[in-house]
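Structure file entry.cif (mmCIF, C-alpha atoms and all ligand atoms) follows.
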```cif
data_my_file
loop_
_atom_site.label_atom_id
_atom_site.label_comp_id
_atom_site.auth_asym_id
_atom_site.auth_seq_id
_atom_site.Cartn_x
_atom_site.Cartn_y
_atom_site.Cartn_z
CA MET A 1 -8.66 -13.54 -5.29
CA THR A 2 -5.14 -13.41 -5.23
CA GLN A 3 -2.74 -14.41 -7.73
CA ILE A 4 -2.00 -12.58 -10.91
CA ALA A 5 -2.26 -15.25 -13.58
CA GLN A 6 -1.73 -12.92 -16.51
CA LEU A 7 -0.56 -9.43 -17.03
CA HIS A 8 -0.72 -7.41 -20.25
CA LEU A 9 0.68 -3.95 -20.74
CA GLN A 10 0.35 -1.65 -23.70
CA HIS A 11 2.09 1.68 -24.15
CA PHE A 12 2.88 1.92 -20.47
CA ARG A 13 6.10 3.95 -19.87
CA ASN A 14 8.77 2.42 -22.13
CA CYS A 15 6.82 -0.80 -22.67
CA THR A 16 5.12 -0.97 -26.05
CA GLN A 17 3.53 -4.32 -25.47
CA ALA A 18 4.03 -7.09 -22.90
CA GLN A 19 2.17 -10.28 -22.11
CA CYS A 20 3.16 -12.46 -19.18
CA LYS A 21 1.72 -15.59 -17.68
CA LEU A 22 3.02 -15.29 -14.18
CA SER A 23 4.09 -18.05 -11.88
CA THR A 24 2.29 -18.57 -8.56
CA GLY A 25 5.45 -18.09 -6.49
CA LEU A 26 8.47 -16.02 -7.47
CA ASN A 27 8.54 -13.93 -10.63
CA LEU A 28 11.95 -12.44 -11.04
CA PHE A 29 12.32 -9.54 -13.47
CA VAL A 30 15.91 -8.98 -14.49
CA GLY A 31 17.23 -6.11 -16.55
CA ASP A 32 19.81 -3.36 -16.76
CA ASN A 33 19.23 0.11 -15.45
CA ALA A 34 16.40 1.88 -17.30
CA ALA A 35 15.24 -1.40 -18.88
CA GLY A 36 11.75 -0.92 -17.46
CA LYS A 37 11.74 -3.07 -14.29
CA THR A 38 10.27 -0.49 -11.92
CA SER A 39 7.71 0.42 -14.57
CA PHE A 40 6.44 -3.13 -14.46
CA ILE A 41 5.96 -3.05 -10.69
CA GLU A 42 4.46 0.43 -11.00
CA ALA A 43 1.85 -0.82 -13.52
CA ILE A 44 0.57 -3.48 -11.12
CA TRP A 45 0.53 -1.06 -8.21
CA LEU A 46 -1.38 1.43 -10.36
CA LEU A 47 -3.95 -1.16 -11.42
CA ALA A 48 -4.51 -2.20 -7.81
CA THR A 49 -4.45 1.15 -6.06
CA GLY A 50 -5.09 3.78 -8.72
CA ARG A 51 -1.86 5.53 -7.80
CA SER A 52 1.71 5.45 -9.01
CA PHE A 53 4.45 5.53 -6.40
CA ARG A 54 6.60 7.68 -8.72
CA THR A 55 4.38 10.26 -10.30
CA SER A 56 1.01 11.93 -9.98
CA LYS A 57 0.98 12.91 -13.65
CA SER A 58 -0.86 10.62 -16.04
CA HIS A 59 1.19 11.62 -19.07
CA HIS A 60 4.35 10.24 -17.44
CA LEU A 61 2.76 6.80 -17.45
CA ILE A 62 1.75 6.80 -21.11
CA GLN A 63 4.43 5.87 -23.61
CA HIS A 64 5.83 8.92 -25.39
CA GLU A 65 4.04 9.66 -28.65
CA HIS A 66 1.03 7.58 -27.66
CA THR A 67 -2.30 8.72 -26.30
CA GLN A 68 -3.33 5.83 -24.11
CA SER A 69 -1.85 3.12 -21.94
CA VAL A 70 -3.59 -0.12 -21.02
CA ILE A 71 -2.98 -2.42 -18.08
CA PHE A 72 -4.86 -5.68 -18.00
CA SER A 73 -4.65 -8.50 -15.54
CA GLN A 74 -6.36 -11.77 -14.93
CA VAL A 75 -6.45 -12.67 -11.26
CA THR A 76 -7.39 -16.03 -9.80
CA SER A 77 -8.23 -17.30 -6.38
CA SER A 78 -5.37 -19.22 -4.85
CA HIS A 79 -7.86 -21.85 -3.63
CA ASN A 80 -9.94 -22.17 -6.74
CA ALA A 81 -8.35 -21.66 -10.13
CA ASP A 82 -11.83 -21.47 -11.72
CA LYS A 83 -12.61 -18.32 -9.78
CA THR A 84 -11.07 -15.64 -11.96
CA HIS A 85 -11.60 -12.00 -12.71
CA LYS A 86 -10.34 -9.74 -15.45
CA LEU A 87 -9.22 -6.31 -14.34
CA GLY A 88 -8.48 -3.54 -16.79
CA MET A 89 -7.33 0.05 -16.72
CA GLN A 90 -7.14 2.36 -19.75
CA LYS A 91 -5.51 5.65 -19.15
CA ASN A 92 -5.23 8.73 -21.30
CA THR A 93 -3.99 12.08 -20.09
CA THR A 94 -7.37 13.24 -18.86
CA ASN A 95 -9.36 10.12 -18.16
CA THR A 96 -9.11 6.64 -16.66
CA VAL A 97 -11.50 3.82 -17.52
CA LEU A 98 -11.63 0.88 -15.11
CA LYS A 99 -13.18 -2.46 -15.99
CA VAL A 100 -13.93 -5.64 -14.11
CA ASP A 101 -14.81 -8.63 -16.29
CA GLY A 102 -15.32 -6.38 -19.27
CA GLU A 103 -17.82 -4.08 -17.53
CA PRO A 104 -16.86 -0.48 -16.73
CA VAL A 105 -16.82 0.19 -12.98
CA LYS A 106 -16.81 3.47 -11.10
CA GLY A 107 -14.23 3.63 -8.36
CA GLN A 108 -10.87 2.01 -7.77
CA ILE A 109 -12.33 0.09 -4.86
CA HIS A 110 -13.75 -2.54 -7.25
CA LEU A 111 -10.27 -3.40 -8.42
CA ALA A 112 -8.54 -2.95 -5.07
CA SER A 113 -10.79 -5.44 -3.37
CA LEU A 114 -9.88 -8.09 -5.95
CA ILE A 115 -6.13 -7.55 -5.94
CA PRO A 116 -4.52 -6.85 -2.56
CA VAL A 117 -0.94 -5.87 -3.30
CA GLN A 118 1.89 -4.78 -1.06
CA LEU A 119 4.90 -2.83 -2.15
CA LEU A 120 8.50 -2.77 -1.01
CA THR A 121 10.87 -0.36 -2.74
CA PRO A 122 14.22 1.14 -1.81
CA GLU A 123 12.19 4.11 -0.52
CA SER A 124 10.02 2.04 1.83
CA HIS A 125 12.03 2.84 4.96
CA ARG A 126 10.53 6.32 4.69
CA LEU A 127 7.55 4.79 6.41
CA LEU A 128 9.48 5.25 9.64
CA GLU A 129 11.26 8.51 8.85
CA GLU A 130 8.66 10.70 7.29
CA GLY A 131 5.42 12.20 8.54
CA PRO A 132 2.44 10.13 9.63
CA LYS A 133 0.78 9.91 6.21
CA ALA A 134 2.63 6.76 5.13
CA ARG A 135 1.96 5.08 8.48
CA ARG A 136 -1.73 5.93 8.23
CA GLN A 137 -1.80 4.49 4.71
CA PHE A 138 -0.13 1.34 6.01
CA MET A 139 -2.69 0.98 8.81
CA ASP A 140 -5.65 1.83 6.58
CA TRP A 141 -4.58 -0.75 4.00
CA GLY A 142 -5.20 -3.39 6.65
CA CYS A 143 -8.42 -1.76 7.90
CA PHE A 144 -9.80 -1.63 4.35
CA TYR A 145 -9.46 -5.37 3.77
CA GLN A 146 -10.49 -6.41 7.28
CA SER A 147 -13.48 -4.26 7.98
CA SER A 148 -16.33 -4.04 5.48
CA ASP A 149 -17.43 -0.80 7.16
CA PHE A 150 -14.09 1.00 7.01
CA ILE A 151 -14.23 2.45 3.50
CA GLN A 152 -17.75 3.81 4.01
CA GLN A 153 -16.79 5.52 7.28
CA TRP A 154 -13.56 6.79 5.77
CA ARG A 155 -15.42 8.36 2.83
CA LEU A 156 -18.00 10.02 5.08
CA TYR A 157 -15.19 11.31 7.26
CA GLN A 158 -13.24 12.71 4.31
CA ARG A 159 -16.34 14.47 2.99
CA ALA A 160 -17.15 16.06 6.35
CA LEU A 161 -13.52 17.08 6.84
CA LYS A 162 -13.30 18.63 3.40
CA GLN A 163 -16.46 20.64 3.92
CA ARG A 164 -15.47 21.73 7.42
CA ASN A 165 -12.01 22.82 6.26
CA HIS A 166 -13.55 24.63 3.31
CA ALA A 167 -15.81 26.57 5.70
CA LEU A 168 -12.86 27.34 8.00
CA LYS A 169 -10.65 28.52 5.19
CA ARG A 170 -13.31 30.81 3.77
CA HIS A 171 -14.14 32.17 7.25
CA LEU A 172 -17.77 31.18 6.80
CA PRO A 173 -20.09 31.63 9.81
CA LYS A 174 -19.40 29.38 12.80
CA ALA A 175 -22.64 27.45 12.28
CA GLN A 176 -21.51 26.38 8.81
CA VAL A 177 -18.30 24.99 10.24
CA GLN A 178 -20.00 23.22 13.10
CA LEU A 179 -22.61 21.76 10.80
CA TRP A 180 -20.05 19.06 10.05
CA ASP A 181 -18.86 18.34 13.58
CA HIS A 182 -21.38 15.65 14.33
CA GLN A 183 -20.64 13.56 11.24
CA LEU A 184 -16.93 14.15 11.64
CA VAL A 185 -16.93 12.92 15.22
CA GLU A 186 -19.25 9.99 14.62
CA THR A 187 -17.16 8.63 11.74
CA ALA A 188 -13.84 9.45 13.46
CA LEU A 189 -14.84 7.31 16.42
CA LYS A 190 -15.80 4.39 14.18
CA ILE A 191 -12.53 4.66 12.23
CA ASP A 192 -10.70 4.87 15.54
CA VAL A 193 -12.11 1.56 16.78
CA ILE A 194 -11.33 -0.22 13.50
CA ARG A 195 -7.75 1.09 13.51
CA GLN A 196 -7.17 0.16 17.14
CA ASP A 197 -8.49 -3.35 16.58
CA TYR A 198 -6.36 -3.75 13.50
CA LEU A 199 -3.13 -2.73 15.21
CA GLU A 200 -3.88 -4.90 18.18
CA ALA A 201 -4.35 -7.90 15.86
CA LEU A 202 -1.22 -7.02 13.90
CA GLU A 203 1.18 -6.67 16.82
CA PRO A 204 1.80 -10.38 17.55
CA TYR A 205 2.49 -11.03 13.85
CA LEU A 206 4.88 -8.11 13.79
CA MET A 207 6.74 -9.53 16.78
CA THR A 208 7.10 -12.87 15.02
CA PHE A 209 8.55 -11.38 11.85
CA CYS A 210 10.85 -9.00 13.71
CA GLN A 211 12.18 -12.02 15.56
CA ALA A 212 12.63 -13.94 12.29
CA LEU A 213 14.37 -11.11 10.44
CA MET A 214 16.29 -9.43 13.27
CA PRO A 215 16.81 -11.97 16.06
CA GLU A 216 19.61 -9.74 17.37
CA VAL A 217 17.09 -7.16 18.60
CA GLU A 218 16.13 -8.32 22.07
CA GLU A 219 13.25 -6.05 23.00
CA ALA A 220 9.82 -6.88 21.63
CA VAL A 221 8.22 -4.39 19.30
CA VAL A 222 5.21 -2.39 20.45
CA CYS A 223 2.77 -0.52 18.18
CA GLN A 224 1.52 2.59 19.93
CA TYR A 225 -1.54 3.91 18.23
CA ARG A 226 -2.30 7.66 18.22
CA ALA A 227 -5.90 8.49 17.45
CA GLY A 228 -5.35 12.02 16.13
CA TRP A 229 -6.57 13.80 19.25
CA PRO A 230 -5.24 14.00 22.84
CA LYS A 231 -5.26 10.75 24.78
CA ASN A 232 -7.32 12.03 27.69
CA THR A 233 -10.22 13.21 25.48
CA ASP A 234 -13.47 11.67 26.62
CA ASP A 235 -15.75 13.78 24.47
CA LEU A 236 -14.45 14.46 20.98
CA LEU A 237 -17.43 16.61 20.05
CA SER A 238 -16.73 18.97 22.97
CA LEU A 239 -13.09 19.09 21.99
CA MET A 240 -14.10 20.16 18.48
CA THR A 241 -16.34 22.86 19.91
CA GLN A 242 -13.65 24.07 22.29
CA ASN A 243 -11.10 24.12 19.52
CA TYR A 244 -13.21 26.06 17.04
CA LEU A 245 -11.38 29.35 17.54
CA LYS A 246 -7.96 27.79 16.96
CA ASP A 247 -9.24 25.87 13.94
CA SER A 248 -10.59 29.04 12.41
CA GLN A 249 -7.29 30.84 13.04
CA VAL A 250 -5.21 28.18 11.28
CA GLY A 251 -7.90 27.53 8.66
CA HIS A 252 -8.20 23.78 9.08
CA THR A 253 -9.35 21.09 11.50
CA GLN A 254 -6.55 20.27 13.90
CA TYR A 255 -7.85 17.18 15.63
CA GLY A 256 -9.36 14.10 14.03
CA ALA A 257 -8.83 10.73 12.38
CA HIS A 258 -6.82 12.46 9.64
CA ARG A 259 -4.08 13.09 12.22
CA ALA A 260 -3.72 9.48 13.43
CA ASP A 261 -0.30 7.90 13.64
CA ILE A 262 1.57 4.86 14.90
CA ARG A 263 4.72 4.88 17.01
CA PHE A 264 6.76 1.70 16.72
CA LYS A 265 8.86 1.13 19.81
CA PHE A 266 11.48 -1.33 20.95
CA GLY A 267 11.65 -0.99 24.72
CA ASN A 268 11.39 2.74 25.34
CA GLN A 269 13.07 3.67 22.11
CA GLU A 270 11.41 4.65 18.86
CA ALA A 271 12.25 2.21 16.04
CA MET A 272 13.67 5.05 14.00
CA ASN A 273 16.16 5.98 16.74
CA THR A 274 17.22 2.55 17.90
CA LEU A 275 17.44 0.56 14.66
CA SER A 276 20.29 0.86 12.17
CA ARG A 277 19.42 1.77 8.59
CA GLY A 278 19.70 -1.92 7.63
CA GLN A 279 17.44 -2.93 10.50
CA GLN A 280 14.94 -0.23 9.55
CA LYS A 281 14.65 -1.86 6.13
CA LEU A 282 14.15 -5.24 7.77
CA PHE A 283 11.56 -3.74 10.06
CA VAL A 284 9.58 -2.48 7.06
CA CYS A 285 9.77 -6.01 5.59
CA ALA A 286 8.47 -7.34 8.92
CA LEU A 287 5.58 -4.85 8.80
CA LEU A 288 4.57 -6.02 5.33
CA LEU A 289 4.93 -9.70 6.18
CA ALA A 290 2.88 -9.20 9.35
CA GLN A 291 0.15 -7.53 7.32
CA ALA A 292 0.30 -10.29 4.73
CA SER A 293 -0.02 -13.02 7.37
CA LEU A 294 -2.87 -11.33 9.18
CA HIS A 295 -4.60 -10.74 5.84
CA GLU A 296 -4.37 -14.43 4.98
CA LYS A 297 -5.71 -15.37 8.41
CA VAL A 298 -8.71 -13.05 8.22
CA VAL A 299 -9.51 -12.87 4.51
CA HIS A 300 -8.29 -16.39 3.66
CA GLU A 301 -6.51 -15.23 0.55
CA PRO A 302 -2.86 -14.31 0.27
CA VAL A 303 -1.63 -10.91 -0.84
CA ILE A 304 0.67 -10.24 -3.78
CA MET A 305 4.04 -8.78 -2.87
CA LEU A 306 5.82 -6.39 -5.22
CA ILE A 307 9.49 -5.84 -4.44
CA ASP A 308 11.45 -3.38 -6.53
CA ASP A 309 15.22 -3.73 -6.58
CA LEU A 310 15.56 -6.27 -3.79
CA PRO A 311 19.39 -6.31 -3.81
CA ALA A 312 19.38 -2.56 -3.10
CA GLU A 313 17.12 -3.25 -0.17
CA LEU A 314 18.67 -6.20 1.66
CA ASP A 315 22.02 -7.98 1.96
CA GLU A 316 22.48 -11.57 0.80
CA ASN A 317 21.52 -13.33 4.04
CA HIS A 318 18.43 -11.26 4.60
CA ARG A 319 17.39 -11.60 0.95
CA LEU A 320 17.46 -15.34 1.42
CA LYS A 321 15.53 -15.11 4.67
CA LEU A 322 12.83 -12.94 3.08
CA LEU A 323 12.53 -15.25 0.06
CA GLU A 324 12.16 -18.23 2.38
CA LEU A 325 9.41 -16.50 4.33
CA LEU A 326 7.57 -15.58 1.12
CA GLN A 327 7.72 -19.22 -0.03
CA VAL A 328 6.48 -20.48 3.34
CA LEU A 329 3.65 -17.95 3.40
CA ASN A 330 2.77 -18.99 -0.15
CA ILE A 331 2.67 -15.42 -1.39
CA GLN A 332 3.05 -14.65 -5.08
CA HIS A 333 5.95 -12.25 -5.33
CA LEU A 334 7.28 -10.13 -8.17
CA ILE A 335 10.85 -9.06 -7.64
CA THR A 336 13.13 -6.93 -9.77
CA SER A 337 16.91 -7.10 -9.85
CA THR A 338 19.70 -5.99 -12.14
CA SER A 339 21.30 -9.42 -11.83
CA GLU A 340 19.85 -12.91 -11.79
CA SER A 341 22.65 -14.21 -9.59
CA LEU A 342 21.58 -11.99 -6.67
CA ILE A 343 18.24 -13.74 -6.21
CA PRO A 344 18.31 -17.45 -5.31
CA ILE A 345 15.53 -19.55 -6.84
CA LEU A 346 14.32 -21.60 -3.89
CA ASN A 347 11.57 -23.49 -5.65
CA PRO A 348 11.92 -23.75 -9.44
CA GLU A 349 8.46 -25.37 -9.57
CA ASN A 350 6.68 -22.12 -8.78
CA SER A 351 9.22 -19.60 -10.08
CA LYS A 352 9.75 -17.85 -13.39
CA ILE A 353 12.47 -15.56 -14.58
CA TRP A 354 11.75 -12.72 -16.94
CA HIS A 355 14.22 -10.57 -18.84
CA ILE A 356 13.41 -6.95 -19.54
CA THR A 357 15.20 -5.02 -22.27
CA ASN A 358 13.96 -1.63 -23.44
CA GLY A 359 10.54 -2.33 -22.02
CA GLU A 360 10.30 -5.72 -23.73
CA VAL A 361 9.64 -8.65 -21.42
CA THR A 362 10.59 -12.21 -22.33
CA GLU A 363 10.38 -15.35 -20.28
CA LYS A 364 13.74 -16.95 -19.80
CA ARG A 365 13.80 -20.59 -20.86
CA ALA A 366 15.71 -22.77 -18.44
N1 LIG B 401 6.22 7.79 -20.66
C1 LIG B 401 7.34 7.18 -21.07
N2 LIG B 401 7.49 6.81 -22.37
C2 LIG B 401 8.61 6.20 -22.79
N3 LIG B 401 9.65 5.90 -21.98
C3 LIG B 401 9.57 6.24 -20.69
C4 LIG B 401 8.41 6.89 -20.16
N4 LIG B 401 8.59 7.09 -18.84
C5 LIG B 401 9.82 6.59 -18.55
N5 LIG B 401 10.41 6.09 -19.66
C6 LIG B 401 11.70 5.42 -19.76
O1 LIG B 401 11.51 4.10 -19.34
C7 LIG B 401 12.73 3.55 -18.90
C8 LIG B 401 12.44 2.57 -17.80
O2 LIG B 401 12.53 3.13 -16.53
P1 LIG B 401 12.43 2.23 -15.21
O3 LIG B 401 11.19 1.44 -15.23
O4 LIG B 401 12.67 3.14 -14.10
O5 LIG B 401 13.66 1.23 -15.41
P2 LIG B 401 14.47 0.32 -14.37
O6 LIG B 401 13.65 0.17 -13.14
O7 LIG B 401 14.68 -0.96 -15.10
O8 LIG B 401 15.77 1.03 -14.11
C9 LIG B 401 13.64 4.72 -18.63
O9 LIG B 401 14.65 4.73 -19.61
C10 LIG B 401 12.75 5.94 -18.82
O10 LIG B 401 13.43 7.00 -19.42
MG MG B 402 14.19 0.72 -11.20
#
```

Let me see the structure of the file written as structure tokens.
Ligand SMILES: Nc1ncnc2c1ncn2[C@@H]1O[C@H](COP(=O)(O)OP(=O)(O)O)[C@@H](O)[C@H]1O
Ligand SMILES: [Mg+2]
Amino acid sequence: MTQIAQLHLQHFRNCTQAQCKLSTGLNLFVGDNAAGKTSFIEAIWLLATGRSFRTSKSHHLIQHEHTQSVIFSQVTSSHNADKTHKLGMQKNTTNTVLKVDGEPVKGQIHLASLIPVQLLTPESHRLLEEGPKARRQFMDWGCFYQSSDFIQQWRLYQRALKQRNHALKRHLPKAQVQLWDHQLVETALKIDVIRQDYLEALEPYLMTFCQALMPEVEEAVVCQYRAGWPKNTDDLLSLMTQNYLKDSQVGHTQYGAHRADIRFKFGNQEAMNTLSRGQQKLFVCALLLAQASLHEKVVHEPVIMLIDDLPAELDENHRLKLLELLQVLNIQHLITSTSESLIPILNPENSKIWHITNGEVTEKRA
């Protein structure tokens, strides 16, 4: 399922009401600073993932002086325009109601599985700089769509981890901590295999897009996966047992799938140390494009790419290169920019331009 055919917003941030019939290729949202461009991207990301990339507070997302915001989208299969679903989210300050085809659903997963979106913002290069959380999220995004078992294992793991950490923190008896070890280890090992397989499948795609976007970098990229426990561990359960004392001293579980990470290397150098800031941004684009291509290959549906403030992200030549790749990959993309002239329209047939002023969105007539 994977084009947004329609998008409706109501009382979301500074947008009172918006209705857009999106194009299947490029949708360019143009507006001055504070017009509401990022809010638009944020609304789609929120509908798809249940999270905002700017705030964790619901009341920030609801238009001032209103009690509820609504995001609604109709998504269609790129292969079969008759295959459509209606996704809805109603949010007040304390509660979120999710709907698929008019029926309330429990759990974001029902929406996420119908609308795979990727996000590139001027903050995306943090994927390389910051702690492992963002890299795990990147990896798990792919695992979620590729392995039907992943989400189940991940949930079981999270539950066991939470309970184990709770017992450690409260200094409950050792047996109450170790009660969770078996489930923790069993699910960690399953998650581990899925993650390894995913990164192995991703690597050749990543090489291709690094080559396309940064041909000047000679060494090939390597993804080094870190499981979240020492490499030479052959029995994770024993490691947990051995590590109990340390875990109880620090009050949480030190080894496990929640500590996994990826090191991206060019030659012997970490990407973060060898690439310039500009190249780091290109590398993050390559990561997303690699994921998008692999997703299409395995799931047979394209992803939707959200790109906030593209001119802040890439220079003119690389903007063009990225737009060309998105057209070739046939990915619906929503891009924001403060100026129309900064984004070339490569294929007017599948592109639309939208103007945003004070949260109001209008389609620009050619
Ligand atoms: N809950 C809200 N209600 C009303 N206006 C809001 C709310 N949250 C943010 N805004 C305003 O919405 C505007 C749009 O912000 P943003 O989407 O970041 O714009 P842009 O990306 O175009 O610069 C800003 O002026 C901001 O003050
Ligand atoms: Mg913005």

Legend entry - Among listed residues A:Asn243, A:Ser248, A:Gln3, A:Asn95, nearest His333 in chain A (using only C-alpha atoms):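 Closest to His333 in chain A of all the choices is A:Gln3.
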
Legend entry - Interatomic distance (Å, one decimal) between CA of Ala312 in chain A and CA of Lys281 in chain A: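 Separation between CA of Ala312 in chain A and CA of Lys281 in chain A: 10.4 Å.
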
Inset, instruction - Compute the set of protein, DNA and RNA residues whose minimum atom distance to ligand MG 402 (chain B) is at most 12 Å, using all atoms listed in the file, and state it as a PyMOL selection string. - result: chain A and resi 29-42+53-54+121-123+307-312+335-338+356+359

Legend entry - Straight-line distance linking CA of Ser238 in chain A with CA of Gln183 in chain A, stated in Å to one decimal: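 According to the coordinates, CA of Ser238 in chain A and CA of Gln183 in chain A are separated by 13.5 Å.
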
For Val221 in chain A, please output as a PDB file with C-alpha atoms, in the frame of the given file all residues within 10 Å (counting only C-alpha atoms; exclusion window: fewer than 5 positions along the same chain).
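Wrote it out as out14.pdb, contents follow:
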```pdb
ATOM      1  CA  GLU A 203       1.180  -6.670  16.820  1.00  0.00           C
ATOM      2  CA  PRO A 204       1.800 -10.380  17.550  1.00  0.00           C
ATOM      3  CA  LEU A 206       4.880  -8.110  13.790  1.00  0.00           C
ATOM      4  CA  MET A 207       6.740  -9.530  16.780  1.00  0.00           C
ATOM      5  CA  THR A 208       7.100 -12.870  15.020  1.00  0.00           C
ATOM      6  CA  CYS A 210      10.850  -9.000  13.710  1.00  0.00           C
ATOM      7  CA  GLN A 211      12.180 -12.020  15.560  1.00  0.00           C
ATOM      8  CA  PHE A 264       6.760   1.700  16.720  1.00  0.00           C
ATOM      9  CA  LYS A 265       8.860   1.130  19.810  1.00  0.00           C
ATOM     10  CA  PHE A 266      11.480  -1.330  20.950  1.00  0.00           C
ATOM     11  CA  GLY A 267      11.650  -0.990  24.720  1.00  0.00           C
ATOM     12  CA  ASN A 268      11.390   2.740  25.340  1.00  0.00           C
ATOM     13  CA  GLN A 269      13.070   3.670  22.110  1.00  0.00           C
ATOM     14  CA  GLU A 270      11.410   4.650  18.860  1.00  0.00           C
ATOM     15  CA  ALA A 271      12.250   2.210  16.040  1.00  0.00           C
ATOM     16  CA  PHE A 283      11.560  -3.740  10.060  1.00  0.00           C
TER      17      PHE A 283
END
```

Inset, instruction - Please measure the separation of CA of Gln152 in chain A and CA of Thr187 in chain A, giving the value in Å to one decimal. - result: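 The value is 9.1 Å.
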
Legend entry - Minimum-distance residue to Gln327 in chain A, chosen among A:Thr233, A:Thr24, A:Gln158, A:Gln291 (using only C-alpha atoms): A:Thr24

Inset, instruction - Please write as a list in words the list of polymer residues whose atoms come within 8 Å of (3.1, -3.6, -1.7), counting all atoms listed in the file and keeping to the coordinates of the file. - result: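 Using all atoms listed in the file, the matching residues come out as Trp45, Val117, Gln118, Leu119, Leu120, Leu288, Ile304, Met305, Leu306 and Ile307 of chain A.
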
Inset, instruction - Kindly indicate which residue among A:Lys162, A:His59, A:His11, A:Arg126 lies nearest to Gln280 in chain A, using all atoms listed in the file for the distances. - result: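 The closest residue to Gln280 in chain A is A:Arg126.
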
Show which residues sit within 8 Å of Tyr145 in chain A, as an mmCIF file with C-alpha atoms, keeping the file's coordinate frame. Count only C-alpha atoms, and ignore same-chain residues fewer than 2 positions away.
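part_4.cif, written as the output of this step:
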```cif
data_model
loop_
_atom_site.group_PDB
_atom_site.id
_atom_site.type_symbol
_atom_site.label_atom_id
_atom_site.label_comp_id
_atom_site.auth_asym_id
_atom_site.auth_seq_id
_atom_site.Cartn_x
_atom_site.Cartn_y
_atom_site.Cartn_z
ATOM 1 C CA SER A 113 -10.790 -5.440 -3.370
ATOM 2 C CA TRP A 141 -4.580 -0.750 4.000
ATOM 3 C CA GLY A 142 -5.200 -3.390 6.650
ATOM 4 C CA CYS A 143 -8.420 -1.760 7.900
ATOM 5 C CA SER A 147 -13.480 -4.260 7.980
ATOM 6 C CA SER A 148 -16.330 -4.040 5.480
ATOM 7 C CA HIS A 295 -4.600 -10.740 5.840
ATOM 8 C CA VAL A 299 -9.510 -12.870 4.510
#
```

Legend entry - Residue nearest His8 in chain A among A:Gly88, A:Pro348, A:Gly25, A:Gly278 (counting all atoms listed in the file):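 Looking at the shortest contact to His8 in chain A, the residue is A:Gly88.
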
Inset, instruction - Can you work out which one of A:Ile343, A:Ala292, A:Ala260, A:Leu322 has the shortest atom-to-atom distance to Pro132 in chain A, counting only C-alpha atoms? - result: A:Ala260

Inset, instruction - Rank nothing, just name the residue among A:Ser124, A:Ser339, A:Ser276, A:Thr94 nearest to ligand LIG 401 (chain B), using all atoms listed in the file. - result: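 Of A:Ser124, A:Ser339, A:Ser276, A:Thr94, the one nearest ligand LIG 401 (chain B), counting all atoms listed in the file, is A:Ser339.
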
Inset, instruction - Kindly extract all protein, DNA and RNA residues lying within 10 Å of the coordinates (-10.6, 7.8, 12.2) given in the file, considering all atoms listed in the file, and supply them as a PyMOL selection string. - result: chain A and resi 136+140+150+153-154+157-158+184-196+227-228+256-260

Could you save those same residues with C-alpha atoms as a compact mmCIF listing (two decimals), keeping the file's coordinate frame?
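File result_1.txt, as written:
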```
# COMPACT_ATOMS: atom_id res chain seq x y z
CA ARG A 136 -1.73 5.93 8.23
CA ASP A 140 -5.65 1.83 6.58
CA PHE A 150 -14.09 1.00 7.01
CA GLN A 153 -16.79 5.52 7.28
CA TRP A 154 -13.56 6.79 5.77
CA TYR A 157 -15.19 11.31 7.26
CA GLN A 158 -13.24 12.71 4.31
CA LEU A 184 -16.93 14.15 11.64
CA VAL A 185 -16.93 12.92 15.22
CA GLU A 186 -19.25 9.99 14.62
CA THR A 187 -17.16 8.63 11.74
CA ALA A 188 -13.84 9.45 13.46
CA LEU A 189 -14.84 7.31 16.42
CA LYS A 190 -15.80 4.39 14.18
CA ILE A 191 -12.53 4.66 12.23
CA ASP A 192 -10.70 4.87 15.54
CA VAL A 193 -12.11 1.56 16.78
CA ILE A 194 -11.33 -0.22 13.50
CA ARG A 195 -7.75 1.09 13.51
CA GLN A 196 -7.17 0.16 17.14
CA ALA A 227 -5.90 8.49 17.45
CA GLY A 228 -5.35 12.02 16.13
CA GLY A 256 -9.36 14.10 14.03
CA ALA A 257 -8.83 10.73 12.38
CA HIS A 258 -6.82 12.46 9.64
CA ARG A 259 -4.08 13.09 12.22
CA ALA A 260 -3.72 9.48 13.43
```
